[in-house]
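With compact mmCIF, C-alpha atoms inside, this is my_file09.txt:
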```txt
# COMPACT_ATOMS: atom_id res chain seq x y z
CA MET M 1 2.75 69.44 -29.85
CA ASP M 2 6.34 68.29 -29.35
CA LEU M 3 8.49 66.68 -32.03
CA ILE M 4 10.92 63.83 -31.32
CA LEU M 5 13.48 62.67 -33.86
CA ALA M 6 13.90 58.91 -33.48
CA SER M 7 17.43 59.00 -34.88
CA THR M 8 20.88 60.14 -33.86
CA SER M 9 21.85 60.90 -37.48
CA PRO M 10 23.71 64.21 -37.54
CA ARG M 11 22.39 64.87 -41.05
CA ARG M 12 18.75 64.43 -40.03
CA ARG M 13 19.29 66.69 -37.02
CA GLN M 14 20.92 69.29 -39.27
CA LEU M 15 18.11 69.23 -41.84
CA LEU M 16 15.35 69.58 -39.23
CA ALA M 17 17.22 72.33 -37.38
CA GLU M 18 17.97 74.26 -40.59
CA ALA M 19 14.26 74.08 -41.45
CA GLY M 20 13.54 75.77 -38.10
CA TYR M 21 12.06 72.86 -36.14
CA THR M 22 12.52 72.47 -32.40
CA PHE M 23 12.81 68.81 -31.41
CA ASP M 24 14.28 66.31 -29.01
CA VAL M 25 16.49 63.44 -30.16
CA HIS M 26 15.97 59.91 -28.86
CA LEU M 27 18.17 56.94 -29.62
CA VAL M 28 16.11 53.97 -30.75
CA ASP M 29 17.17 50.36 -31.02
CA VAL M 30 15.40 48.55 -33.85
CA ASP M 31 16.46 45.68 -36.05
CA GLU M 32 17.48 47.16 -39.40
CA THR M 33 18.00 43.82 -41.13
CA GLN M 34 16.33 43.57 -44.53
CA LEU M 35 13.93 40.63 -44.59
CA ASP M 36 14.21 37.92 -47.25
CA GLY M 37 12.26 38.98 -50.32
CA GLU M 38 11.54 42.45 -48.90
CA SER M 39 11.68 45.19 -51.55
CA PRO M 40 13.86 48.24 -50.83
CA ARG M 41 10.74 50.44 -50.64
CA THR M 42 8.98 48.15 -48.15
CA TYR M 43 12.21 47.78 -46.18
CA VAL M 44 12.85 51.52 -45.59
CA LEU M 45 9.20 52.16 -44.77
CA ARG M 46 9.10 49.30 -42.25
CA VAL M 47 12.31 50.37 -40.51
CA SER M 48 11.16 54.01 -40.40
CA ALA M 49 7.84 53.02 -38.85
CA ASP M 50 9.58 50.75 -36.33
CA LYS M 51 11.81 53.66 -35.28
CA ALA M 52 8.90 56.07 -34.95
CA ARG M 53 6.76 53.62 -32.96
CA ASN M 54 9.71 52.90 -30.64
CA ILE M 55 9.21 56.27 -28.91
CA GLU M 56 6.72 56.25 -26.03
CA ALA M 57 5.51 59.83 -25.80
CA PRO M 58 1.72 60.09 -26.19
CA ASP M 59 1.72 63.91 -26.37
CA ALA M 60 4.39 64.12 -29.06
CA VAL M 61 4.94 63.20 -32.68
CA SER M 62 7.96 60.98 -33.24
CA LEU M 63 9.70 60.95 -36.61
CA GLY M 64 11.63 57.91 -37.80
CA ALA M 65 13.56 57.62 -41.05
CA ASP M 66 15.79 55.20 -42.90
CA THR M 67 17.81 55.73 -46.09
CA VAL M 68 19.39 53.22 -48.45
CA VAL M 69 21.18 53.34 -51.77
CA VAL M 70 19.88 50.91 -54.37
CA ASP M 71 22.02 49.89 -57.34
CA GLY M 72 20.57 47.42 -59.81
CA GLY M 73 17.93 46.35 -57.30
CA VAL M 74 20.53 45.63 -54.61
CA VAL M 75 20.41 47.57 -51.34
CA LEU M 76 23.74 49.11 -50.38
CA GLY M 77 23.73 49.88 -46.69
CA LYS M 78 26.63 51.25 -44.67
CA PRO M 79 29.93 49.59 -45.58
CA ALA M 80 31.53 47.45 -42.87
CA ASP M 81 35.05 48.48 -43.86
CA ALA M 82 37.17 50.29 -46.45
CA ALA M 83 37.19 47.31 -48.84
CA MET M 84 33.39 47.19 -48.87
CA ALA M 85 33.26 50.97 -49.37
CA ALA M 86 35.55 50.63 -52.39
CA GLU M 87 33.30 47.90 -53.84
CA MET M 88 30.24 50.11 -53.43
CA LEU M 89 31.86 53.18 -54.96
CA ASN M 90 33.17 51.13 -57.90
CA ALA M 91 29.65 49.81 -58.47
CA LEU M 92 28.20 53.34 -58.42
CA SER M 93 30.91 54.81 -60.66
CA ASP M 94 29.76 55.95 -64.12
CA GLY M 95 26.12 55.05 -63.54
CA THR M 96 22.78 56.02 -62.06
CA HIS M 97 21.48 54.62 -58.78
CA GLU M 98 18.51 55.27 -56.53
CA VAL M 99 18.39 56.68 -53.02
CA LEU M 100 15.30 55.66 -51.07
CA SER M 101 14.30 57.22 -47.77
CA GLY M 102 11.38 55.96 -45.78
CA TRP M 103 9.93 58.25 -43.13
CA ALA M 104 7.13 57.80 -40.63
CA CYS M 105 5.45 59.92 -37.97
CA SER M 106 3.91 58.27 -34.93
CA ARG M 107 1.66 59.60 -32.22
CA GLY M 108 0.83 57.38 -29.28
CA GLY M 109 2.44 54.37 -30.97
CA GLU M 110 0.27 54.67 -34.10
CA ILE M 111 1.65 55.71 -37.49
CA VAL M 112 -0.18 58.88 -38.53
CA ALA M 113 1.84 59.77 -41.65
CA SER M 114 4.49 58.02 -43.71
CA GLY M 115 6.04 57.83 -47.13
CA VAL M 116 8.98 56.82 -49.26
CA GLU M 117 10.96 59.25 -51.38
CA LEU M 118 13.06 58.15 -54.37
CA THR M 119 15.87 60.21 -55.87
CA GLU M 120 18.04 59.18 -58.81
CA VAL M 121 21.72 60.11 -58.58
CA THR M 122 24.24 59.81 -61.41
CA PHE M 123 27.97 59.54 -60.74
CA ARG M 124 30.70 60.28 -63.25
CA ALA M 125 33.40 57.67 -63.83
CA LEU M 126 35.62 57.48 -60.74
CA SER M 127 39.28 56.50 -60.82
CA ALA M 128 40.75 54.03 -58.35
CA ALA M 129 42.87 56.89 -56.94
CA GLU M 130 39.79 59.08 -56.37
CA ILE M 131 37.98 56.24 -54.61
CA ALA M 132 41.00 55.49 -52.42
CA ALA M 133 41.45 59.17 -51.52
CA TYR M 134 37.77 59.52 -50.63
CA ILE M 135 37.80 56.39 -48.48
CA ALA M 136 40.92 57.69 -46.70
CA THR M 137 38.84 60.62 -45.41
CA GLY M 138 36.73 58.15 -43.40
CA GLU M 139 33.53 59.78 -44.63
CA PRO M 140 32.17 56.75 -46.54
CA LEU M 141 32.19 54.41 -43.57
CA ASP M 142 29.03 55.71 -41.88
CA ARG M 143 26.99 56.37 -44.99
CA ALA M 144 24.51 54.30 -46.97
CA GLY M 145 26.14 53.49 -50.30
CA ALA M 146 29.50 54.68 -48.95
CA TYR M 147 29.06 58.35 -49.79
CA ALA M 148 27.80 61.71 -48.55
CA ILE M 149 26.44 63.96 -51.30
CA GLN M 150 26.90 67.00 -49.03
CA GLY M 151 30.52 66.02 -48.41
CA GLY M 152 33.44 64.88 -50.49
CA ALA M 153 31.29 62.85 -52.88
CA GLY M 154 29.42 65.93 -54.07
CA GLY M 155 32.02 66.24 -56.84
CA PHE M 156 31.16 62.73 -58.09
CA VAL M 157 27.60 63.70 -58.97
CA THR M 158 26.75 64.72 -62.53
CA ALA M 159 22.95 64.65 -62.21
CA ILE M 160 20.23 64.35 -59.60
CA ALA M 161 16.54 63.76 -60.22
CA GLY M 162 14.45 64.30 -57.10
CA SER M 163 15.02 65.59 -53.60
CA TYR M 164 18.56 66.56 -52.63
CA THR M 165 17.70 66.38 -48.91
CA ASN M 166 16.45 62.84 -49.49
CA VAL M 167 19.98 61.86 -50.52
CA MET M 168 21.24 63.43 -47.29
CA GLY M 169 18.86 61.21 -45.32
CA LEU M 170 15.54 63.02 -44.84
CA PRO M 171 13.21 64.22 -47.64
CA MET M 172 12.38 67.55 -46.04
CA GLU M 173 9.79 68.56 -48.63
CA ALA M 174 7.57 65.58 -47.81
CA VAL M 175 8.35 65.55 -44.09
CA ALA M 176 7.65 69.27 -43.62
CA HIS M 177 4.29 68.90 -45.37
CA ALA M 178 3.35 65.97 -43.11
CA LEU M 179 4.47 67.80 -39.97
CA THR M 180 2.37 70.83 -40.93
CA ASP M 181 -0.65 68.55 -41.37
CA LEU M 182 0.05 67.17 -37.87
CA GLY M 183 0.13 70.66 -36.33
CA ILE M 184 3.91 70.98 -36.04
CA SER M 185 5.48 74.08 -37.56
CA PRO M 186 8.99 75.50 -37.56
CA SER M 187 9.68 77.76 -34.57
```

Now, as a test, write the supplied structure out as structure tokens.
Amino acid sequence: MDLILASTSPRRRQLLAEAGYTFDVHLVDVDETQLDGESPRTYVLRVSADKARNIEAPDAVSLGADTVVVDGGVVLGKPADAAMAAEMLNALSDGTHEVLSGWACSRGGEIVASGVELTEVTFRALSAAEIAAYIATGEPLDRAGAYAIQGGAGGFVTAIAGSYTNVMGLPMEAVAHALTDLGISPS
């Protein structure tokens, strides 16, 4: 059985490859707008399933995923610009937030496995200079919540409760278990 990653995220590709999976990557075009009144958990699961179902390959399993940062019940997606990134990082400074990743596996257009993983991440207090220096690297601009735990923001973290790979964008513990159940093993 073939595996298709319905995402062009370099972090998701890295995590799957490091776990030993062989897979193809397909770009999918789905609406990632959060619906009015939609909870963060429902939102990431819906978008993940939409991505997975977007792949038309009846003899393969497609894997879709979506990750958001949630602070005080508010979803922080990818910042549009440096000013928005600074707002997000200021909001996350000296507090604990949640990272939610939805994931879904589809075969023949039907969801055959899915889930949502929640990880709590605590940041130390960040100075305005630290935030500005981090934003100047460009790293926050393509990341949910304006940070990459595996990158420059790793030094901001004082505690993590849950899956580290979830914060990177794909909860490998849960995904690997589901893939095994679906007959897909690392090479």

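If all atoms listed in the file are the atoms counted, then among M:Asp66, M:Asp50, M:Asp36, M:Asp2 the closest residue to Asp24 (chain M) is M:Asp2.
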
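If you count all atoms listed in the file and ignore residues fewer than 6 places along the chain from Asn90 (chain M), what sits within 10 Å of it is Met84, Ala125, Leu126, Ser127, Ala128 and Ile131 of chain M.
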
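The nearest approach to Val112 (chain M) among the residues M:Arg53, M:Arg143, M:Arg124, M:Arg13, with only C-alpha atoms taken into account, belongs to M:Arg53.
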
What does the distance between CA of Thr8 (chain M) and CA of Ala104 (chain M) come to in Å, to one decimal place?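 Distance reported for this atom pair: 15.5 Å.
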
Hey, can you pull every residue with an atom no more than 12 Å from (11.0, 45.6, -54.5), using only C-alpha atoms, and send it as a PyMOL selection string? chain M and resi 34-45+70+72-75+100

Please provide as a list in words all residues within 9 Å of region 135-138 of chain M, with the sequence filter that same-chain residues fewer than 6 positions apart are discarded (counting only C-alpha atoms). Ala82, Ala85, Ala86, Ala146 and Gly152 of chain M

Could you please determine the separation between CA of Ser93 (chain M) and CA of Pro171 (chain M) in Å, to one decimal place?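 These atoms are spaced 23.9 Å apart.
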
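Picture a line from CA of Leu76 (chain M) to CA of Ala144 (chain M); it runs 6.3 Å.
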